[in-house]
>>> print(open('final39.cif').read())   # mmCIF, C-alpha atoms
data_my_file
loop_
_atom_site.group_PDB
_atom_site.id
_atom_site.type_symbol
_atom_site.label_atom_id
_atom_site.label_comp_id
_atom_site.auth_asym_id
_atom_site.auth_seq_id
_atom_site.Cartn_x
_atom_site.Cartn_y
_atom_site.Cartn_z
ATOM 1 C CA MET K 1 64.458 128.792 115.945
ATOM 2 C CA HIS K 2 64.267 125.457 114.130
ATOM 3 C CA ARG K 3 63.246 122.605 116.420
ATOM 4 C CA ILE K 4 66.328 120.563 115.525
ATOM 5 C CA ASP K 5 68.553 123.505 116.438
ATOM 6 C CA ALA K 6 66.749 123.866 119.756
ATOM 7 C CA LEU K 7 67.149 120.139 120.387
ATOM 8 C CA GLN K 8 70.885 120.359 119.702
ATOM 9 C CA ILE K 9 71.174 123.206 122.189
ATOM 10 C CA PHE K 10 69.217 121.264 124.822
ATOM 11 C CA VAL K 11 71.414 118.180 124.385
ATOM 12 C CA ARG K 12 74.607 120.214 124.811
ATOM 13 C CA VAL K 13 73.252 121.996 127.883
ATOM 14 C CA ALA K 14 72.236 118.652 129.389
ATOM 15 C CA GLU K 15 75.626 117.080 128.711
ATOM 16 C CA MET K 16 77.672 120.003 130.004
ATOM 17 C CA GLY K 17 75.395 120.943 132.866
ATOM 18 C CA SER K 18 75.716 124.600 131.975
ATOM 19 C CA PHE K 19 74.041 127.083 129.636
ATOM 20 C CA THR K 20 77.233 129.149 129.526
ATOM 21 C CA LYS K 21 79.504 126.244 128.542
ATOM 22 C CA ALA K 22 77.052 124.928 125.972
ATOM 23 C CA ALA K 23 76.529 128.363 124.414
ATOM 24 C CA THR K 24 80.297 128.912 124.194
ATOM 25 C CA LEU K 25 80.799 125.527 122.552
ATOM 26 C CA LEU K 26 78.020 126.200 120.027
ATOM 27 C CA GLY K 27 79.126 129.779 119.346
ATOM 28 C CA LEU K 28 75.861 131.274 120.610
ATOM 29 C CA PRO K 29 74.951 133.936 123.172
ATOM 30 C CA LYS K 30 73.938 132.416 126.495
ATOM 31 C CA ALA K 31 70.540 134.163 126.228
ATOM 32 C CA THR K 32 69.869 132.423 122.902
ATOM 33 C CA ALA K 33 70.562 129.011 124.416
ATOM 34 C CA SER K 34 68.332 129.759 127.404
ATOM 35 C CA VAL K 35 65.429 130.980 125.269
ATOM 36 C CA ALA K 36 65.710 127.962 122.938
ATOM 37 C CA VAL K 37 65.430 125.505 125.820
ATOM 38 C CA ARG K 38 62.513 127.397 127.412
ATOM 39 C CA GLN K 39 60.669 127.357 124.088
ATOM 40 C CA LEU K 40 61.351 123.644 123.771
ATOM 41 C CA GLU K 41 59.944 123.051 127.260
ATOM 42 C CA ALA K 42 56.881 125.087 126.368
ATOM 43 C CA GLU K 43 56.306 123.014 123.218
ATOM 44 C CA VAL K 44 56.610 119.624 124.935
ATOM 45 C CA GLY K 45 54.688 120.813 127.999
ATOM 46 C CA VAL K 46 57.105 119.654 130.732
ATOM 47 C CA ARG K 47 60.152 120.995 132.540
ATOM 48 C CA LEU K 48 63.264 119.360 131.109
ATOM 49 C CA LEU K 49 65.913 120.952 133.317
ATOM 50 C CA HIS K 50 66.291 121.865 136.967
ATOM 51 C CA ARG K 51 68.050 125.246 137.062
ATOM 52 C CA THR K 52 69.919 126.660 140.051
ATOM 53 C CA THR K 53 72.469 129.447 140.310
ATOM 54 C CA ARG K 54 75.240 126.836 140.313
ATOM 55 C CA SER K 55 74.110 123.959 138.145
ATOM 56 C CA VAL K 56 71.712 122.622 135.538
ATOM 57 C CA GLN K 57 70.375 119.079 135.870
ATOM 58 C CA LEU K 58 67.954 116.927 133.919
ATOM 59 C CA THR K 59 64.517 116.272 135.346
ATOM 60 C CA THR K 60 63.074 112.766 135.082
ATOM 61 C CA ASP K 61 61.166 113.860 131.974
ATOM 62 C CA GLY K 62 64.285 115.627 130.734
ATOM 63 C CA GLN K 63 66.335 112.418 130.973
ATOM 64 C CA ALA K 64 63.827 110.542 128.843
ATOM 65 C CA PHE K 65 63.671 113.442 126.379
ATOM 66 C CA TYR K 66 67.488 113.607 126.239
ATOM 67 C CA GLU K 67 67.821 109.901 125.417
ATOM 68 C CA ARG K 68 65.250 110.093 122.615
ATOM 69 C CA GLY K 69 66.655 113.436 121.447
ATOM 70 C CA THR K 70 70.229 112.191 121.032
ATOM 71 C CA ALA K 71 68.955 109.226 119.011
ATOM 72 C CA LEU K 72 66.880 111.562 116.845
ATOM 73 C CA LEU K 73 69.836 113.875 116.163
ATOM 74 C CA THR K 74 71.853 110.874 115.027
ATOM 75 C CA GLU K 75 69.048 109.800 112.701
ATOM 76 C CA VAL K 76 68.862 113.315 111.279
ATOM 77 C CA ASP K 77 72.613 113.278 110.658
ATOM 78 C CA ASP K 78 72.325 109.876 108.971
ATOM 79 C CA LEU K 79 69.380 111.097 106.879
ATOM 80 C CA HIS K 80 71.408 114.023 105.586
ATOM 81 C CA GLY K 81 74.077 111.574 104.457
ATOM 82 C CA LEU K 82 71.699 108.920 103.126
ATOM 83 C CA PHE K 83 72.665 109.354 99.492
ATOM 84 C CA ARG K 84 76.322 110.131 100.025
ATOM 85 C CA HIS K 85 78.960 107.478 99.504
ATOM 86 C CA ASP K 86 81.412 106.713 102.328
ATOM 87 C CA GLY K 87 83.973 109.200 101.055
ATOM 88 C CA ALA K 88 81.499 112.066 100.815
ATOM 89 C CA ALA K 89 82.242 115.323 102.563
ATOM 90 C CA LEU K 90 81.287 115.742 106.188
ATOM 91 C CA HIS K 91 79.540 118.828 107.508
ATOM 92 C CA GLY K 92 79.338 120.379 110.944
ATOM 93 C CA ARG K 93 81.493 120.681 114.033
ATOM 94 C CA LEU K 94 83.554 117.858 115.513
ATOM 95 C CA ARG K 95 85.291 118.314 118.851
ATOM 96 C CA VAL K 96 88.021 115.786 119.729
ATOM 97 C CA ASP K 97 90.911 115.465 122.176
ATOM 98 C CA MET K 98 94.107 113.417 122.197
ATOM 99 C CA PRO K 99 97.557 113.365 123.850
ATOM 100 C CA THR K 100 99.892 116.132 122.709
ATOM 101 C CA GLY K 101 102.572 113.845 121.323
ATOM 102 C CA THR K 102 100.112 111.814 119.273
ATOM 103 C CA ALA K 103 98.536 114.981 117.894
ATOM 104 C CA ASN K 104 101.839 116.620 116.942
ATOM 105 C CA ASN K 105 103.703 113.589 115.625
ATOM 106 C CA ILE K 106 101.016 111.423 114.005
ATOM 107 C CA VAL K 107 97.601 113.025 113.567
ATOM 108 C CA ILE K 108 98.255 116.647 112.568
ATOM 109 C CA PRO K 109 100.715 115.713 109.767
ATOM 110 C CA ALA K 110 97.962 113.522 108.269
ATOM 111 C CA LEU K 111 95.133 116.050 108.734
ATOM 112 C CA PRO K 112 95.545 118.070 105.502
ATOM 113 C CA ALA K 113 94.318 115.176 103.355
ATOM 114 C CA PHE K 114 91.411 114.423 105.698
ATOM 115 C CA LEU K 115 90.226 118.034 105.851
ATOM 116 C CA ALA K 116 90.661 118.445 102.099
ATOM 117 C CA ALA K 117 88.293 115.501 101.633
ATOM 118 C CA HIS K 118 85.802 117.068 104.044
ATOM 119 C CA PRO K 119 85.951 120.847 103.579
ATOM 120 C CA GLY K 120 82.611 121.305 105.320
ATOM 121 C CA LEU K 121 83.904 119.860 108.577
ATOM 122 C CA GLU K 122 84.893 122.215 111.395
ATOM 123 C CA LEU K 123 87.380 120.254 113.497
ATOM 124 C CA GLN K 124 88.178 121.404 117.028
ATOM 125 C CA LEU K 125 91.261 119.529 118.196
ATOM 126 C CA GLY K 126 92.283 119.604 121.817
ATOM 127 C CA SER K 127 95.694 118.184 122.679
ATOM 128 C CA THR K 128 96.634 117.789 126.303
ATOM 129 C CA ASP K 129 98.319 115.225 128.500
ATOM 130 C CA ARG K 130 95.627 115.450 131.196
ATOM 131 C CA ARG K 131 92.500 113.309 131.260
ATOM 132 C CA VAL K 132 89.725 115.582 130.020
ATOM 133 C CA ASP K 133 86.107 115.169 131.100
ATOM 134 C CA MET K 134 84.690 114.512 127.674
ATOM 135 C CA VAL K 135 81.053 115.079 128.645
ATOM 136 C CA GLN K 136 81.544 118.217 130.726
ATOM 137 C CA GLU K 137 83.962 119.692 128.196
ATOM 138 C CA GLY K 138 81.820 118.822 125.202
ATOM 139 C CA PHE K 139 84.077 116.396 123.317
ATOM 140 C CA ASP K 140 82.525 114.078 120.746
ATOM 141 C CA CYS K 141 85.450 111.683 120.753
ATOM 142 C CA VAL K 142 88.646 111.300 122.773
ATOM 143 C CA LEU K 143 91.777 109.282 122.035
ATOM 144 C CA ARG K 144 93.222 107.718 125.168
ATOM 145 C CA ILE K 145 96.544 105.951 125.508
ATOM 146 C CA GLY K 146 96.981 103.839 128.626
ATOM 147 C CA THR K 147 94.590 102.126 131.002
ATOM 148 C CA LEU K 148 91.049 103.507 130.962
ATOM 149 C CA ALA K 149 89.805 104.512 134.402
ATOM 150 C CA ASP K 150 86.273 105.742 133.639
ATOM 151 C CA SER K 151 84.027 102.717 133.083
ATOM 152 C CA SER K 152 81.015 104.918 132.265
ATOM 153 C CA LEU K 153 82.503 105.759 128.857
ATOM 154 C CA VAL K 154 82.422 103.520 125.797
ATOM 155 C CA ALA K 155 85.843 102.502 124.466
ATOM 156 C CA HIS K 156 86.622 101.353 120.922
ATOM 157 C CA PRO K 157 90.041 99.609 121.214
ATOM 158 C CA LEU K 158 92.535 100.275 118.432
ATOM 159 C CA GLY K 159 95.361 98.051 119.628
ATOM 160 C CA ALA K 160 98.477 98.569 121.694
ATOM 161 C CA MET K 161 101.340 101.009 121.142
ATOM 162 C CA PRO K 162 104.829 99.570 121.833
ATOM 163 C CA GLN K 163 107.209 101.453 124.112
ATOM 164 C CA HIS K 164 110.965 101.689 123.664
ATOM 165 C CA ASN K 165 113.805 102.859 125.893
ATOM 166 C CA TYR K 166 115.908 105.882 124.992
ATOM 167 C CA ALA K 167 118.964 107.799 126.118
ATOM 168 C CA SER K 168 121.067 110.608 124.674
ATOM 169 C CA PRO K 169 124.620 109.908 123.447
ATOM 170 C CA ASP K 170 125.912 112.390 126.018
ATOM 171 C CA TYR K 171 124.155 110.544 128.843
ATOM 172 C CA LEU K 172 125.645 107.230 127.705
ATOM 173 C CA ARG K 173 129.154 108.733 127.542
ATOM 174 C CA ARG K 174 128.829 109.908 131.134
ATOM 175 C CA HIS K 175 127.046 106.912 132.652
ATOM 176 C CA GLY K 176 127.798 104.031 130.302
ATOM 177 C CA THR K 177 125.340 101.951 128.292
ATOM 178 C CA PRO K 178 123.083 99.824 130.521
ATOM 179 C CA LEU K 179 122.859 96.194 129.440
ATOM 180 C CA GLY K 180 120.425 94.736 131.975
ATOM 181 C CA LEU K 181 118.539 95.099 135.236
ATOM 182 C CA ASP K 182 121.739 94.847 137.269
ATOM 183 C CA ASP K 183 123.052 97.979 135.559
ATOM 184 C CA LEU K 184 119.822 99.843 136.230
ATOM 185 C CA ALA K 185 119.810 98.786 139.883
ATOM 186 C CA GLY K 186 123.474 99.640 140.414
ATOM 187 C CA GLY K 187 122.889 103.265 141.386
ATOM 188 C CA VAL K 188 124.677 104.756 138.368
ATOM 189 C CA HIS K 189 121.726 105.305 136.064
ATOM 190 C CA ARG K 190 118.871 107.775 136.390
ATOM 191 C CA MET K 191 115.386 108.084 134.907
ATOM 192 C CA VAL K 192 113.417 111.115 133.906
ATOM 193 C CA HIS K 193 110.179 110.479 135.813
ATOM 194 C CA TYR K 194 106.891 111.141 134.014
ATOM 195 C CA VAL K 195 104.113 111.744 136.561
ATOM 196 C CA SER K 196 100.490 112.840 136.394
ATOM 197 C CA ALA K 197 101.104 115.555 138.995
ATOM 198 C CA LEU K 198 104.248 116.984 140.532
ATOM 199 C CA GLY K 199 105.119 115.181 143.720
ATOM 200 C CA ALA K 200 103.323 111.986 142.704
ATOM 201 C CA ARG K 201 105.162 108.729 143.272
ATOM 202 C CA PRO K 202 107.007 107.656 140.096
ATOM 203 C CA LEU K 203 106.336 104.227 138.663
ATOM 204 C CA GLY K 204 110.004 103.423 138.101
ATOM 205 C CA TRP K 205 111.433 101.326 135.276
ATOM 206 C CA GLU K 206 108.710 99.197 133.712
ATOM 207 C CA TYR K 207 109.508 95.907 131.998
ATOM 208 C CA THR K 208 108.095 92.457 131.309
ATOM 209 C CA ALA K 209 109.432 89.759 133.634
ATOM 210 C CA ASP K 210 110.463 86.291 132.479
ATOM 211 C CA ASP K 211 107.047 84.925 133.480
ATOM 212 C CA GLY K 212 105.351 87.441 131.193
ATOM 213 C CA ARG K 213 103.986 89.655 133.940
ATOM 214 C CA ALA K 214 104.502 93.411 134.127
ATOM 215 C CA ALA K 215 107.140 94.427 136.662
ATOM 216 C CA THR K 216 108.808 97.622 137.871
ATOM 217 C CA LEU K 217 112.204 98.536 139.234
ATOM 218 C CA ALA K 218 112.509 101.599 141.463
ATOM 219 C CA MET K 219 115.100 104.001 140.053
ATOM 220 C CA PRO K 220 116.361 107.418 141.144
ATOM 221 C CA GLY K 221 115.788 110.490 139.045
ATOM 222 C CA ALA K 222 116.804 114.113 139.212
ATOM 223 C CA LEU K 223 113.700 115.374 137.419
ATOM 224 C CA GLN K 224 109.929 114.884 137.360
ATOM 225 C CA VAL K 225 107.870 116.185 134.442
ATOM 226 C CA THR K 226 104.154 116.255 133.645
ATOM 227 C CA ASN K 227 104.047 116.564 129.839
ATOM 228 C CA VAL K 228 105.442 114.749 126.860
ATOM 229 C CA GLN K 229 107.473 117.627 125.414
ATOM 230 C CA ALA K 230 109.372 118.127 128.673
ATOM 231 C CA TYR K 231 109.897 114.350 128.949
ATOM 232 C CA GLU K 232 111.508 114.182 125.511
ATOM 233 C CA ALA K 233 113.519 117.386 126.019
ATOM 234 C CA ALA K 234 114.914 116.135 129.331
ATOM 235 C CA CYS K 235 116.142 112.934 127.689
ATOM 236 C CA VAL K 236 117.741 114.862 124.816
ATOM 237 C CA ALA K 237 119.456 117.065 127.412
ATOM 238 C CA GLY K 238 121.029 113.981 128.976
ATOM 239 C CA LEU K 239 119.101 114.102 132.248
ATOM 240 C CA GLY K 240 118.150 110.432 132.239
ATOM 241 C CA LEU K 241 116.614 107.427 130.546
ATOM 242 C CA ILE K 242 113.011 107.442 129.326
ATOM 243 C CA GLN K 243 110.434 104.922 128.110
ATOM 244 C CA ALA K 244 108.106 106.123 125.351
ATOM 245 C CA PRO K 245 106.342 105.159 122.095
ATOM 246 C CA ARG K 246 108.590 105.532 119.059
ATOM 247 C CA ALA K 247 106.396 107.991 117.144
ATOM 248 C CA GLY K 248 107.696 111.032 118.993
ATOM 249 C CA MET K 249 111.292 109.807 119.050
ATOM 250 C CA GLN K 250 111.885 109.292 115.346
ATOM 251 C CA LYS K 251 112.986 112.868 114.733
ATOM 252 C CA HIS K 252 115.431 112.762 117.668
ATOM 253 C CA ILE K 253 116.919 109.474 116.492
ATOM 254 C CA ALA K 254 117.310 110.793 112.939
ATOM 255 C CA ALA K 255 119.087 113.870 114.312
ATOM 256 C CA GLY K 256 121.435 111.751 116.434
ATOM 257 C CA GLN K 257 120.002 113.188 119.657
ATOM 258 C CA LEU K 258 118.693 109.889 121.042
ATOM 259 C CA VAL K 259 119.480 106.197 120.711
ATOM 260 C CA GLU K 260 117.519 103.142 121.764
ATOM 261 C CA VAL K 261 118.823 101.095 124.691
ATOM 262 C CA LEU K 262 117.803 97.894 126.493
ATOM 263 C CA PRO K 263 115.549 96.446 123.765
ATOM 264 C CA GLY K 264 114.957 93.395 125.967
ATOM 265 C CA LEU K 265 113.613 95.443 128.880
ATOM 266 C CA ARG K 266 110.831 97.442 127.303
ATOM 267 C CA ALA K 267 107.744 98.592 129.178
ATOM 268 C CA PRO K 268 104.504 96.751 128.330
ATOM 269 C CA PRO K 269 102.665 98.183 125.295
ATOM 270 C CA LEU K 270 100.150 100.938 125.994
ATOM 271 C CA PRO K 271 96.509 100.164 125.137
ATOM 272 C CA VAL K 272 95.011 102.682 122.705
ATOM 273 C CA ALA K 273 91.297 103.400 122.387
ATOM 274 C CA LEU K 274 88.882 105.929 120.963
ATOM 275 C CA VAL K 275 86.358 106.821 123.638
ATOM 276 C CA VAL K 276 82.815 108.159 123.244
ATOM 277 C CA ALA K 277 80.177 108.964 125.818
ATOM 278 C CA HIS K 278 77.413 106.693 124.484
ATOM 279 C CA ARG K 279 77.270 103.324 122.797
ATOM 280 C CA ARG K 280 74.461 104.473 120.499
ATOM 281 C CA GLY K 281 73.864 107.731 118.754
ATOM 282 C CA LEU K 282 77.229 108.305 117.068
ATOM 283 C CA SER K 283 76.962 110.863 114.306
ATOM 284 C CA ARG K 284 78.353 110.165 110.879
ATOM 285 C CA ARG K 285 81.066 112.766 111.563
ATOM 286 C CA VAL K 286 82.275 110.801 114.566
ATOM 287 C CA ARG K 287 82.082 107.422 112.821
ATOM 288 C CA VAL K 288 84.062 108.614 109.805
ATOM 289 C CA PHE K 289 86.656 110.346 111.972
ATOM 290 C CA MET K 290 87.101 107.235 114.132
ATOM 291 C CA ALA K 291 87.601 105.044 111.057
ATOM 292 C CA TRP K 292 90.197 107.519 109.745
ATOM 293 C CA MET K 293 91.994 107.565 113.098
ATOM 294 C CA ARG K 294 92.193 103.792 113.077
ATOM 295 C CA GLU K 295 93.974 103.925 109.703
ATOM 296 C CA VAL K 296 96.312 106.744 110.736
ATOM 297 C CA LEU K 297 97.396 105.011 113.947
ATOM 298 C CA ALA K 298 97.664 101.500 112.495
ATOM 299 C CA PRO K 299 101.369 101.770 111.505
ATOM 300 C CA TRP K 300 102.253 102.653 115.099
ATOM 301 C CA MET K 301 100.395 99.757 116.714
ATOM 302 C CA GLN K 302 102.012 96.558 117.890
ATOM 303 C CA GLU K 303 102.393 93.997 115.154
#
>>> encode(input="final39.cif", output="structure tokens")
Amino acid sequence: MHRIDALQIFVRVAEMGSFTKAATLLGLPKATASVAVRQLEAEVGVRLLHRTTRSVQLTTDGQAFYERGTALLTEVDDLHGLFRHDGAALHGRLRVDMPTGTANNIVIPALPAFLAAHPGLELQLGSTDRRVDMVQEGFDCVLRIGTLADSSLVAHPLGAMPQHNYASPDYLRRHGTPLGLDDLAGGVHRMVHYVSALGARPLGWEYTADDGRAATLAMPGALQVTNVQAYEAACVAGLGLIQAPRAGMQKHIAAGQLVEVLPGLRAPPLPVALVVAHRRGLSRRVRVFMAWMREVLAPWMQE
């Protein structure tokens, strides 16, 4: 096996802590990945990984080798593209993740042109509303909307995505159109509560107070949901008010299924960032994809 190929296998195994996961991601038999790393260890003359029946961890020498190896792989990628202009085709596999709504409503509709410009790129797109572990799950780049909790990752901010308030015409006929906080606190109106896990405490109605600080108002709700599609569908069904970015709501507004309410009581904008595992060592594939994502998302950012 080519040394660069073996190095790529080692880096994936180190990042994912598993020969099985790394082999699956790379489309290789587990035995091939194991042999490649053992041959690499034999060549460099040190043990790079501690192997147990449950986990794989870097040795001290392995950590140093990993750091130099990731930098080398980036240099190799850059060398391959040395004489290509910025719009030249990309080659290889790129694994990314983003929220479902953003993928369906913004990114996927724009993908045909991007992939046509880079026919040699194999894009693996994960779309989920949970926070993936980008290192353990082998993602090169992750789009995150909302506050970032993991400080070990490197974030490239893209801006902030405004949120609007929506209700269905049927809901407004039954409950009336709210005009302010007093209406929301009066016990007549309901929210559809979006939560990270069923049973979690809902945030309530989010808005910006007169002093500019973020504030919340506790509101009742008949329904909790954990994904964007259910959140939108519940609002269309008249089950309550919701607060969401406008990208996913445009089709419902055009169809007369939803209308915007309370424009003066919007939730604070959601920070948007592209997240990578390391500050250095970004491949050309990742850099080009991140630049493209910035352009695609720009119309939906706060002005």
>>> closest_atom_pairs(input="final39.cif", of="region 142-235 of chain K", to="region 276-297 of chain K", cutoff="12 Å", atoms="only C-alpha atoms", output="Markdown table")
| residue | atom | partner | partner_atom | distance |
| --- | --- | --- | --- | --- |
| K:Val142 | CA | K:Val276 | CA | 6.6 |
| K:Leu143 | CA | K:Met293 | CA | 9.1 |
| K:Arg144 | CA | K:Val276 | CA | 10.6 |
| K:Ile145 | CA | K:Leu297 | CA | 11.6 |
| K:Asp150 | CA | K:Ala277 | CA | 10.4 |
| K:Ser151 | CA | K:Ala277 | CA | 10.3 |
| K:Ser152 | CA | K:Ala277 | CA | 7.7 |
| K:Leu153 | CA | K:Ala277 | CA | 5.0 |
| K:Val154 | CA | K:Val276 | CA | 5.3 |
| K:Ala155 | CA | K:Val276 | CA | 6.5 |
| K:His156 | CA | K:Val276 | CA | 8.1 |
| K:Pro157 | CA | K:Arg294 | CA | 9.4 |
| K:Leu158 | CA | K:Arg294 | CA | 6.4 |
| K:Gly159 | CA | K:Leu297 | CA | 9.2 |
| K:Ala160 | CA | K:Leu297 | CA | 10.1 |
| K:Met161 | CA | K:Leu297 | CA | 9.1 |
>>> atom_distance(input="final39.cif", atom1="CA of Trp300 (chain K)", atom2="CA of Leu198 (chain K)")
29.3 Å
>>> resolve_selection(input="final39.cif", expression="the PyMOL selection byres ((chain K and resi 25-33) around 12)", output="ChimeraX atom specification")
/K:1,5-16,18-24,34-40,92-95,122,124,136-140
>>> axis_aligned_box(input="final39.cif", around="region 181-194 of chain K", padding_each_side="8 Å", output="JSON")
{"center_x": 115.8, "center_y": 103.0, "center_z": 137.6, "size_x": 33.8, "size_y": 32.3, "size_z": 23.5}
>>> residues_around(input="final39.cif", residues="Gly187 (chain K)", least_positions_apart="2", cutoff="12 Å", atoms="only C-alpha atoms", output="NGL selection string")
:K and (175 or 178 or 181-185 or 189-191 or 217-221)
>>> decode(input="final39.cif", residues="region 53-61 of chain K", atoms="all heavy atoms", output="compact mmCIF listing (two decimals), in the first residue's frame")
# COMPACT_ATOMS: atom_id res chain seq x y z
N THR K 53 -9.49 -4.34 23.42
CA THR K 53 -10.70 -4.90 22.80
C THR K 53 -11.79 -3.86 22.67
O THR K 53 -12.74 -4.04 21.90
CB THR K 53 -11.23 -6.08 23.63
OG1 THR K 53 -11.44 -5.64 24.98
CG2 THR K 53 -10.22 -7.22 23.63
N ARG K 54 -11.69 -2.76 23.40
CA ARG K 54 -12.76 -1.75 23.41
C ARG K 54 -12.39 -0.44 22.76
O ARG K 54 -13.27 0.33 22.36
CB ARG K 54 -13.22 -1.48 24.85
CG ARG K 54 -13.87 -2.68 25.51
CD ARG K 54 -14.43 -2.29 26.87
NE ARG K 54 -15.12 -3.40 27.51
CZ ARG K 54 -15.74 -3.33 28.69
NH1 ARG K 54 -15.72 -2.18 29.36
NH2 ARG K 54 -16.34 -4.38 29.19
N SER K 55 -11.11 -0.13 22.70
CA SER K 55 -10.74 1.20 22.19
C SER K 55 -9.37 1.19 21.54
O SER K 55 -8.59 0.24 21.69
CB SER K 55 -10.76 2.22 23.33
OG SER K 55 -9.73 1.94 24.26
N VAL K 56 -9.11 2.26 20.81
CA VAL K 56 -7.81 2.50 20.18
C VAL K 56 -7.41 3.92 20.56
O VAL K 56 -8.17 4.87 20.35
CB VAL K 56 -7.89 2.36 18.65
CG1 VAL K 56 -6.55 2.70 18.02
CG2 VAL K 56 -8.33 0.96 18.25
N GLN K 57 -6.20 4.05 21.13
CA GLN K 57 -5.73 5.37 21.56
C GLN K 57 -4.31 5.60 21.06
O GLN K 57 -3.53 4.66 20.91
CB GLN K 57 -5.77 5.49 23.09
CG GLN K 57 -7.17 5.44 23.68
CD GLN K 57 -7.14 5.56 25.20
OE1 GLN K 57 -6.19 5.13 25.84
NE2 GLN K 57 -8.18 6.14 25.75
N LEU K 58 -4.00 6.88 20.85
CA LEU K 58 -2.66 7.25 20.41
C LEU K 58 -1.65 7.08 21.54
O LEU K 58 -1.93 7.42 22.69
CB LEU K 58 -2.65 8.71 19.94
CG LEU K 58 -3.32 9.02 18.60
CD1 LEU K 58 -3.51 10.52 18.45
CD2 LEU K 58 -2.49 8.47 17.43
N THR K 59 -0.48 6.56 21.19
CA THR K 59 0.64 6.60 22.12
C THR K 59 1.25 8.01 22.08
O THR K 59 0.84 8.85 21.27
CB THR K 59 1.71 5.58 21.71
OG1 THR K 59 2.24 5.97 20.43
CG2 THR K 59 1.13 4.18 21.62
N THR K 60 2.22 8.25 22.95
CA THR K 60 2.89 9.56 22.92
C THR K 60 3.56 9.79 21.56
O THR K 60 3.44 10.87 20.96
CB THR K 60 3.94 9.65 24.04
OG1 THR K 60 3.29 9.44 25.30
CG2 THR K 60 4.63 11.00 24.04
N ASP K 61 4.24 8.75 21.06
CA ASP K 61 4.84 8.86 19.72
C ASP K 61 3.75 8.99 18.65
O ASP K 61 3.92 9.72 17.66
CB ASP K 61 5.70 7.63 19.43
CG ASP K 61 6.96 7.58 20.28
OD1 ASP K 61 7.49 8.65 20.60
OD2 ASP K 61 7.39 6.46 20.62
